[in-house]
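*Asks:* My structure is in my_file_11.cif, and what it holds is mmCIF, C-alpha atoms:
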```
data_coords
#
loop_
_atom_site.label_atom_id
_atom_site.label_comp_id
_atom_site.auth_asym_id
_atom_site.auth_seq_id
_atom_site.Cartn_x
_atom_site.Cartn_y
_atom_site.Cartn_z
CA MET A 1 14.10 44.03 -43.55
CA ILE A 2 13.77 44.46 -39.79
CA VAL A 3 10.47 43.14 -38.43
CA ARG A 4 9.35 44.83 -35.22
CA LYS A 5 7.01 42.95 -32.89
CA ASN A 6 4.08 44.26 -30.89
CA ALA A 7 3.43 43.42 -27.25
CA ALA A 8 1.22 40.42 -28.04
CA GLU A 9 3.83 38.97 -30.40
CA ILE A 10 6.60 39.45 -27.85
CA ALA A 11 4.44 37.62 -25.30
CA LYS A 12 4.15 34.69 -27.71
CA MET A 13 7.93 34.64 -28.11
CA GLU A 14 8.23 34.70 -24.33
CA ALA A 15 6.07 31.55 -24.22
CA SER A 16 8.56 29.89 -26.58
CA GLY A 17 11.30 31.13 -24.28
CA ALA A 18 9.64 29.50 -21.27
CA VAL A 19 9.94 26.13 -23.00
CA LEU A 20 13.61 26.88 -23.60
CA ALA A 21 14.08 27.80 -19.95
CA ALA A 22 12.71 24.38 -19.03
CA VAL A 23 15.08 22.73 -21.51
CA PHE A 24 18.12 24.35 -19.90
CA ASP A 25 16.91 23.47 -16.42
CA LEU A 26 16.63 19.88 -17.55
CA LEU A 27 19.99 19.83 -19.29
CA GLU A 28 21.62 20.79 -15.99
CA GLY A 29 20.46 17.44 -14.62
CA LEU A 30 21.41 15.44 -17.70
CA ILE A 31 24.92 16.71 -18.43
CA ARG A 32 27.41 14.47 -16.65
CA PRO A 33 30.37 12.25 -17.54
CA GLY A 34 29.48 9.28 -19.71
CA VAL A 35 26.36 10.77 -21.31
CA ARG A 36 26.43 10.80 -25.11
CA THR A 37 25.41 13.96 -26.96
CA GLU A 38 22.83 11.95 -28.92
CA GLU A 39 21.15 11.11 -25.61
CA LEU A 40 20.91 14.82 -24.79
CA ASP A 41 19.43 15.48 -28.21
CA ARG A 42 16.84 12.73 -27.89
CA ALA A 43 15.70 13.88 -24.44
CA VAL A 44 15.47 17.54 -25.47
CA GLU A 45 13.48 16.82 -28.62
CA ARG A 46 10.98 14.64 -26.80
CA PHE A 47 10.61 17.25 -24.07
CA ILE A 48 10.07 20.12 -26.52
CA ARG A 49 7.40 18.14 -28.38
CA SER A 50 5.75 17.21 -25.07
CA ARG A 51 5.15 20.93 -24.55
CA GLY A 52 3.37 21.31 -27.89
CA ALA A 53 6.37 23.00 -29.49
CA THR A 54 8.82 21.95 -32.19
CA PRO A 55 12.64 21.98 -32.22
CA THR A 56 13.49 24.84 -34.57
CA PHE A 57 16.89 23.52 -35.60
CA LYS A 58 15.77 20.08 -36.76
CA GLY A 59 15.61 20.15 -40.55
CA TYR A 60 16.77 23.78 -40.75
CA ARG A 61 18.95 23.88 -43.87
CA GLY A 62 19.26 20.12 -43.45
CA PHE A 63 20.51 20.11 -39.84
CA PRO A 64 19.63 16.65 -38.48
CA ALA A 65 19.09 17.30 -34.76
CA ALA A 66 17.13 19.30 -32.21
CA ILE A 67 20.20 20.74 -30.48
CA CYS A 68 23.69 21.84 -31.42
CA ALA A 69 26.10 20.12 -29.02
CA SER A 70 29.62 21.54 -29.30
CA PRO A 71 32.28 20.29 -26.87
CA ASN A 72 35.60 21.91 -25.98
CA GLU A 73 37.26 23.36 -29.13
CA MET A 74 34.05 23.19 -31.20
CA VAL A 75 32.47 26.63 -31.28
CA VAL A 76 29.00 25.92 -32.70
CA HIS A 77 26.81 23.67 -34.86
CA GLY A 78 27.94 20.35 -33.42
CA ILE A 79 25.77 17.45 -34.58
CA PRO A 80 24.90 15.22 -31.59
CA GLY A 81 26.24 11.69 -31.84
CA ARG A 82 28.25 9.04 -30.03
CA TYR A 83 30.59 11.48 -28.27
CA ALA A 84 30.48 10.68 -24.53
CA LEU A 85 31.11 13.57 -22.17
CA LYS A 86 34.27 13.33 -20.07
CA PRO A 87 35.13 14.84 -16.68
CA GLY A 88 36.59 18.31 -17.24
CA ASP A 89 34.87 18.85 -20.61
CA ILE A 90 32.87 21.93 -21.40
CA ILE A 91 29.99 21.72 -23.85
CA SER A 92 27.97 24.44 -25.55
CA ILE A 93 24.32 23.60 -26.13
CA ASP A 94 22.37 25.78 -28.57
CA VAL A 95 18.60 25.22 -28.82
CA GLY A 96 15.74 26.75 -30.77
CA VAL A 97 12.06 26.32 -29.90
CA THR A 98 9.11 27.19 -32.12
CA LEU A 99 5.73 27.52 -30.41
CA GLN A 100 2.65 28.70 -32.30
CA GLY A 101 4.90 29.95 -35.09
CA TRP A 102 7.23 32.03 -32.89
CA VAL A 103 10.91 31.22 -32.32
CA ALA A 104 13.09 31.55 -29.23
CA ASP A 105 16.82 30.86 -29.51
CA ALA A 106 19.35 30.47 -26.70
CA ALA A 107 22.68 28.84 -25.90
CA ARG A 108 24.69 28.07 -22.81
CA THR A 109 28.05 26.44 -22.11
CA PHE A 110 28.06 23.81 -19.35
CA ALA A 111 30.86 22.34 -17.28
CA VAL A 112 31.02 18.55 -17.13
CA GLY A 113 32.00 18.04 -13.51
CA PRO A 114 34.87 20.13 -12.12
CA ILE A 115 36.78 22.11 -14.77
CA ASP A 116 40.16 23.83 -14.75
CA ALA A 117 40.59 27.47 -13.78
CA ALA A 118 41.09 28.67 -17.37
CA SER A 119 37.82 27.08 -18.44
CA GLN A 120 36.04 28.60 -15.45
CA ARG A 121 37.27 32.05 -16.48
CA LEU A 122 36.22 31.39 -20.08
CA LEU A 123 32.65 30.56 -19.09
CA ARG A 124 32.35 33.34 -16.56
CA ALA A 125 33.70 36.08 -18.83
CA THR A 126 31.64 35.00 -21.85
CA GLU A 127 28.44 35.07 -19.83
CA GLU A 128 29.42 38.48 -18.45
CA ALA A 129 30.00 39.69 -22.01
CA LEU A 130 26.51 38.50 -22.99
CA TYR A 131 24.88 40.47 -20.19
CA ALA A 132 26.99 43.54 -20.97
CA GLY A 133 25.68 43.39 -24.53
CA ILE A 134 22.10 42.93 -23.36
CA GLU A 135 22.41 46.02 -21.15
CA GLN A 136 23.02 48.08 -24.30
CA ALA A 137 19.93 46.70 -26.11
CA ARG A 138 17.95 49.86 -25.48
CA VAL A 139 15.76 52.10 -27.60
CA GLY A 140 17.90 54.77 -29.28
CA ASN A 141 21.19 52.88 -29.01
CA ARG A 142 22.78 51.21 -32.02
CA VAL A 143 23.84 47.66 -32.77
CA GLY A 144 27.46 48.77 -32.37
CA ASP A 145 26.79 49.61 -28.72
CA ILE A 146 25.86 45.97 -28.10
CA SER A 147 28.86 44.76 -30.09
CA ASN A 148 31.32 47.03 -28.33
CA ALA A 149 30.08 46.10 -24.86
CA ILE A 150 30.56 42.40 -25.65
CA GLN A 151 34.00 43.01 -27.14
CA THR A 152 35.17 45.15 -24.23
CA VAL A 153 34.28 42.58 -21.57
CA ALA A 154 35.57 39.55 -23.48
CA GLU A 155 38.86 41.07 -24.57
CA SER A 156 39.47 42.56 -21.11
CA ALA A 157 39.34 38.97 -19.85
CA GLY A 158 41.95 37.90 -22.42
CA LEU A 159 39.51 36.10 -24.70
CA SER A 160 39.22 36.19 -28.48
CA LEU A 161 35.88 36.71 -30.21
CA ILE A 162 34.93 34.54 -33.19
CA ARG A 163 34.30 37.30 -35.69
CA GLN A 164 32.79 35.22 -38.49
CA LEU A 165 29.83 34.26 -36.30
CA VAL A 166 27.23 36.83 -35.26
CA GLY A 167 23.91 37.29 -33.52
CA HIS A 168 20.75 38.14 -35.42
CA GLY A 169 17.15 39.20 -35.33
CA VAL A 170 14.61 36.52 -34.51
CA GLY A 171 10.83 36.17 -34.71
CA ARG A 172 8.74 33.99 -36.98
CA SER A 173 12.02 33.02 -38.61
CA MET A 174 15.13 31.95 -36.74
CA HIS A 175 17.35 34.36 -38.67
CA GLU A 176 16.04 37.85 -39.35
CA ASP A 177 17.67 41.24 -39.80
CA PRO A 178 19.71 42.82 -38.38
CA GLN A 179 22.97 40.97 -37.81
CA VAL A 180 24.50 41.59 -34.37
CA PRO A 181 28.31 41.28 -34.50
CA ASN A 182 30.25 40.62 -31.32
CA VAL A 183 32.87 43.24 -32.14
CA GLY A 184 32.28 46.83 -33.15
CA ALA A 185 32.37 50.52 -32.35
CA PRO A 186 29.81 52.29 -30.17
CA GLY A 187 27.39 54.58 -31.96
CA ARG A 188 27.63 52.63 -35.22
CA GLY A 189 25.21 50.39 -37.06
CA VAL A 190 21.45 50.03 -37.09
CA ARG A 191 19.55 52.15 -34.58
CA LEU A 192 17.63 50.07 -32.04
CA MET A 193 13.86 50.56 -31.94
CA GLU A 194 11.10 49.36 -29.67
CA GLY A 195 9.77 45.99 -30.83
CA MET A 196 13.01 44.67 -32.26
CA VAL A 197 13.92 41.20 -30.97
CA LEU A 198 17.54 40.08 -31.12
CA ALA A 199 19.45 36.88 -30.47
CA ILE A 200 22.59 38.21 -28.79
CA GLU A 201 25.30 35.55 -28.66
CA PRO A 202 28.99 36.06 -27.91
CA MET A 203 31.23 33.17 -28.99
CA THR A 204 34.72 33.29 -27.52
CA ALA A 205 37.97 31.32 -27.40
CA THR A 206 40.89 31.14 -25.00
CA GLY A 207 43.30 31.15 -27.96
CA ARG A 208 43.24 32.71 -31.40
CA PRO A 209 39.94 33.47 -33.16
CA ALA A 210 40.63 31.63 -36.45
CA VAL A 211 38.18 28.79 -37.13
CA ARG A 212 37.56 25.97 -39.59
CA VAL A 213 34.48 23.99 -40.61
CA GLY A 214 34.61 20.25 -39.96
CA ALA A 215 34.23 17.43 -42.47
CA ASP A 216 30.48 17.17 -41.82
CA GLY A 217 30.00 20.71 -43.13
CA TRP A 218 28.46 21.88 -39.84
CA GLY A 219 30.79 21.89 -36.85
CA VAL A 220 32.97 24.99 -36.45
CA TYR A 221 36.26 24.49 -34.59
CA THR A 222 39.09 26.74 -33.44
CA LEU A 223 42.15 26.19 -35.61
CA ASP A 224 44.49 26.13 -32.62
CA ARG A 225 42.17 23.74 -30.70
CA SER A 226 41.67 26.27 -27.92
CA ARG A 227 38.55 25.96 -25.81
CA THR A 228 35.46 27.97 -26.67
CA ALA A 229 32.26 29.18 -25.04
CA HIS A 230 28.87 30.31 -26.37
CA PHE A 231 26.14 32.09 -24.42
CA GLU A 232 22.97 33.44 -26.02
CA HIS A 233 19.64 34.98 -25.07
CA THR A 234 16.68 36.14 -27.13
CA VAL A 235 16.08 39.75 -26.07
CA ALA A 236 13.18 42.12 -26.83
CA ILE A 237 13.90 45.83 -26.98
CA CYS A 238 11.11 47.45 -24.96
CA ALA A 239 10.39 51.01 -23.86
CA GLN A 240 11.34 50.06 -20.29
CA GLY A 241 14.62 48.45 -21.36
CA PRO A 242 15.86 45.06 -22.57
CA ARG A 243 13.63 42.08 -21.79
CA ILE A 244 15.19 38.61 -21.78
CA LEU A 245 12.71 36.15 -23.29
CA THR A 246 14.86 33.06 -22.62
CA PRO A 247 15.75 33.02 -18.89
CA TRP A 248 18.05 30.21 -17.76
CA HIS A 249 15.65 28.95 -15.13
CA LEU A 250 11.92 28.51 -14.60
CA PRO A 251 10.22 29.47 -11.32
CA PRO A 252 10.39 26.53 -8.85
CA ASP A 253 6.78 25.36 -9.36
CA GLU A 254 7.10 25.31 -13.14
CA ARG A 255 10.50 23.64 -12.88
CA SER A 256 9.06 20.76 -10.83
CA ALA A 257 6.34 20.19 -13.43
CA ALA A 258 8.91 20.26 -16.25
CA GLU A 259 11.17 17.76 -14.50
CA GLY A 260 8.24 15.41 -14.10
CA ALA A 261 7.49 15.68 -17.80
CA LEU A 262 11.10 14.88 -18.69
CA GLU A 263 11.04 11.58 -16.81
CA GLY A 264 8.60 10.28 -19.39
CA SER A 265 10.57 11.72 -22.30
CA ARG A 266 13.88 9.91 -21.76
CA GLY A 267 14.81 7.29 -24.28
CA PRO A 268 16.54 3.98 -23.56
#
```
As structure tokens - that is how I would like this structure written.
*Replies:*
Amino acid sequence: MIVRKNAAEIAKMEASGAVLAAVFDLLEGLIRPGVRTEELDRAVERFIRSRGATPTFKGYRGFPAAICASPNEMVVHGIPGRYALKPGDIISIDVGVTLQGWVADAARTFAVGPIDAASQRLLRATEEALYAGIEQARVGNRVGDISNAIQTVAESAGLSLIRQLVGHGVGRSMHEDPQVPNVGAPGRGVRLMEGMVLAIEPMTATGRPAVRVGADGWGVYTLDRSRTAHFEHTVAICAQGPRILTPWHLPPDERSAAEGALEGSRGP
């Protein structure tokens, strides 16, 4: 069942999204060679809780962490641990925030220092595919219009789309109807209505799209070990057009306050 949200509910989801924006601002300063993914997880969880919110992922279906940290050939669902970031790595960070019962969900792939040209193209094209999909998240369009826009941009850049993994509705629960595939035909699928809120999230690879699940039952990897990228926003479908509830960055004054809060959240 698709649950449409009213303006007040969308505003509450936007408040969750503001916490997420702060998280991604802060991650920009934390991601560097030598940092372990468990350190990123610890800092993000403490920061989210310092804002009166909870990390949505922690405990969800048994997931043990606040963030999914997926480096290089890992597509999604990486459990943070002892892995230390290396120069030239890329790492996808997926985060959920629940504030006053409302969820915001977003992901972004970061470069760890300078990266090679192929990885630069991967990140750039995947982010472009995300925004192409968001542009189609309009009243009267269909889910297939979002899917096709993502597919067109990604495949035009020579990337593969991970077809087994899809976007989804989001609200009081992290996963709601409808599913939002990253491949599809325009004019097909569920019709988009005002008040729907979707997590739109292309996941791409430089090689073939086949994937496997790792031994921990969570991490998803490309079979050919090609590099992957993941970008995601939570988007409300409004009468005036798509509204991104999870911007990458806070306004400068809010960002300064968030950075000050993080200093006290860092673990040893």
*Asks:* Taking the file as I've supplied it (selection: the PyMOL selection byres ((chain A and resi 134) around 10)), which residues are included? Please answer as a ChimeraX atom specification.
*Replies:* /A:128-133,135-138,145-147,149-150,198-201,232-237,241-244
*Asks:* Quick one: of A:Pro71, A:Gly52, A:Gly62, A:Gly81, who's nearest to Gln100 in chain A, counting all atoms listed in the file?
*Replies:*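 Comparing A:Pro71, A:Gly52, A:Gly62, A:Gly81 against Gln100 in chain A, the winner is A:Gly52.
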*Asks:* So how many Å separate CA of Ile67 in chain A and CA of Ala106 in chain A, to one decimal?
*Replies:*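 We find that CA of Ile67 in chain A and CA of Ala106 in chain A lie 10.5 Å from each other.
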*Asks:* Quote the spacing between CA of Val143 in chain A and CA of Ser70 in chain A in Å to one decimal place.
*Replies:* 27.0 Å
*Asks:* Would you kindly translate the PyMOL selection byres ((chain A and resi 56) around 8) into the concrete residues it picks from this file, as number ranges by chain?
*Replies:* A: 54-55, 57-60, 66, 95-98, 103, 174
*Asks:* So which residues get picked by the PyMOL selection byres ((chain A and resi 110) around 8) here, written as a count of residues only?
*Replies:* 10
*Asks:* What does the distance between CA of Arg51 in chain A and CA of Ala65 in chain A come to in Å, to one decimal place?
*Replies:*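 Between CA of Arg51 in chain A and CA of Ala65 in chain A the gap works out to 17.7 Å.
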*Asks:* Please tell me which residues are no farther than 10 Å from (31.2, 54.9, -28.8) in the file, counting all atoms listed in the file, and write them as a list in words.
*Replies:* Arg142, Gly144, Asp145, Asn148, Ala149, Gly184, Ala185, Pro186, Gly187 and Arg188 of chain A
*Asks:* Restricting it to C-alpha atoms, dump the selection as a PDB file, in the coordinates of the input.
*Replies:*
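Result file result.pdb:
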```pdb
ATOM      1  CA  ARG A 142      22.780  51.210 -32.020  1.00  0.00           C
ATOM      2  CA  GLY A 144      27.460  48.770 -32.370  1.00  0.00           C
ATOM      3  CA  ASP A 145      26.790  49.610 -28.720  1.00  0.00           C
ATOM      4  CA  ASN A 148      31.320  47.030 -28.330  1.00  0.00           C
ATOM      5  CA  ALA A 149      30.080  46.100 -24.860  1.00  0.00           C
ATOM      6  CA  GLY A 184      32.280  46.830 -33.150  1.00  0.00           C
ATOM      7  CA  ALA A 185      32.370  50.520 -32.350  1.00  0.00           C
ATOM      8  CA  PRO A 186      29.810  52.290 -30.170  1.00  0.00           C
ATOM      9  CA  GLY A 187      27.390  54.580 -31.960  1.00  0.00           C
ATOM     10  CA  ARG A 188      27.630  52.630 -35.220  1.00  0.00           C
TER      11      ARG A 188
END
```
*Asks:* Listing only residues of range 43-103 of chain A within 7 Å of range 212-227 of chain A, what is the closest atom pair and its distance in Å (to one decimal) for each, using all atoms listed in the file, sorted by chain and residue number ascending, as a tab-separated table?
*Replies:*
```
residue	atom	partner	partner_atom	distance
A:Asn72	CA	A:Arg227	CA	5.0
A:Glu73	CA	A:Arg227	CA	4.4
A:Met74	CA	A:Tyr221	CA	4.3
A:Val75	CA	A:Val220	CA	5.4
A:Val76	CA	A:Val220	CA	5.5
A:His77	CA	A:Gly219	CA	4.8
A:Gly78	CA	A:Gly219	CA	4.7
```
*Asks:* From the list A:Ile10, A:Val180, A:Val3, A:Ala69, which residue is nearest Thr37 in chain A when using all atoms listed in the file?
*Replies:*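 Closest candidate: A:Ala69.
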*Asks:* Pick the closest to Val197 in chain A from A:Ile48, A:Val153, A:Leu26, A:Val139: which is it, counting all atoms listed in the file?
*Replies:*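 Closest residue, counting all atoms listed in the file: A:Val139.
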*Asks:* Considering only C-alpha atoms, state which residue in the set A:Met203, A:Ala125, A:Ala239, A:Ile115 is at the smallest distance from Gln164 in chain A.
*Replies:* A:Met203
*Asks:* Is it possible to produce a file of range 117-133 of chain A from this structure, with N, CA and C atoms, as a PDB file, in the first residue's frame?
*Replies:*
```pdb
ATOM      1  N   ALA A 117      40.728   8.349 -13.314  1.00  0.00           N
ATOM      2  CA  ALA A 117      39.741   8.971 -14.198  1.00  0.00           C
ATOM      3  C   ALA A 117      38.485   8.126 -14.333  1.00  0.00           C
ATOM      4  N   ALA A 118      38.632   6.794 -14.387  1.00  0.00           N
ATOM      5  CA  ALA A 118      37.458   5.931 -14.523  1.00  0.00           C
ATOM      6  C   ALA A 118      36.555   6.046 -13.299  1.00  0.00           C
ATOM      7  N   SER A 119      37.148   6.132 -12.131  1.00  0.00           N
ATOM      8  CA  SER A 119      36.347   6.281 -10.913  1.00  0.00           C
ATOM      9  C   SER A 119      35.677   7.652 -10.862  1.00  0.00           C
ATOM     10  N   GLN A 120      36.371   8.677 -11.342  1.00  0.00           N
ATOM     11  CA  GLN A 120      35.753  10.001 -11.406  1.00  0.00           C
ATOM     12  C   GLN A 120      34.523   9.984 -12.294  1.00  0.00           C
ATOM     13  N   ARG A 121      34.633   9.322 -13.454  1.00  0.00           N
ATOM     14  CA  ARG A 121      33.485   9.238 -14.363  1.00  0.00           C
ATOM     15  C   ARG A 121      32.345   8.443 -13.726  1.00  0.00           C
ATOM     16  N   LEU A 122      32.699   7.375 -13.015  1.00  0.00           N
ATOM     17  CA  LEU A 122      31.688   6.556 -12.341  1.00  0.00           C
ATOM     18  C   LEU A 122      30.879   7.399 -11.362  1.00  0.00           C
ATOM     19  N   LEU A 123      31.566   8.151 -10.511  1.00  0.00           N
ATOM     20  CA  LEU A 123      30.863   8.962  -9.516  1.00  0.00           C
ATOM     21  C   LEU A 123      30.040  10.064 -10.177  1.00  0.00           C
ATOM     22  N   ARG A 124      30.639  10.720 -11.144  1.00  0.00           N
ATOM     23  CA  ARG A 124      29.944  11.829 -11.790  1.00  0.00           C
ATOM     24  C   ARG A 124      28.686  11.354 -12.513  1.00  0.00           C
ATOM     25  N   ALA A 125      28.785  10.275 -13.277  1.00  0.00           N
ATOM     26  CA  ALA A 125      27.644   9.808 -14.057  1.00  0.00           C
ATOM     27  C   ALA A 125      26.540   9.239 -13.168  1.00  0.00           C
ATOM     28  N   THR A 126      26.920   8.586 -12.072  1.00  0.00           N
ATOM     29  CA  THR A 126      25.897   8.029 -11.183  1.00  0.00           C
ATOM     30  C   THR A 126      25.125   9.138 -10.496  1.00  0.00           C
ATOM     31  N   GLU A 127      25.817  10.181 -10.068  1.00  0.00           N
ATOM     32  CA  GLU A 127      25.115  11.316  -9.470  1.00  0.00           C
ATOM     33  C   GLU A 127      24.226  12.003 -10.500  1.00  0.00           C
ATOM     34  N   GLU A 128      24.704  12.128 -11.721  1.00  0.00           N
ATOM     35  CA  GLU A 128      23.872  12.711 -12.785  1.00  0.00           C
ATOM     36  C   GLU A 128      22.636  11.858 -13.038  1.00  0.00           C
ATOM     37  N   ALA A 129      22.786  10.545 -12.985  1.00  0.00           N
ATOM     38  CA  ALA A 129      21.638   9.658 -13.176  1.00  0.00           C
ATOM     39  C   ALA A 129      20.614   9.852 -12.063  1.00  0.00           C
ATOM     40  N   LEU A 130      21.101  10.021 -10.828  1.00  0.00           N
ATOM     41  CA  LEU A 130      20.177  10.278  -9.715  1.00  0.00           C
ATOM     42  C   LEU A 130      19.343  11.520  -9.994  1.00  0.00           C
ATOM     43  N   TYR A 131      19.995  12.608 -10.367  1.00  0.00           N
ATOM     44  CA  TYR A 131      19.248  13.855 -10.565  1.00  0.00           C
ATOM     45  C   TYR A 131      18.345  13.796 -11.797  1.00  0.00           C
ATOM     46  N   ALA A 132      18.725  13.007 -12.790  1.00  0.00           N
ATOM     47  CA  ALA A 132      17.830  12.804 -13.935  1.00  0.00           C
ATOM     48  C   ALA A 132      16.567  12.076 -13.493  1.00  0.00           C
ATOM     49  N   GLY A 133      16.727  11.081 -12.626  1.00  0.00           N
ATOM     50  CA  GLY A 133      15.559  10.382 -12.092  1.00  0.00           C
ATOM     51  C   GLY A 133      14.685  11.291 -11.258  1.00  0.00           C
TER      52      GLY A 133
END
```
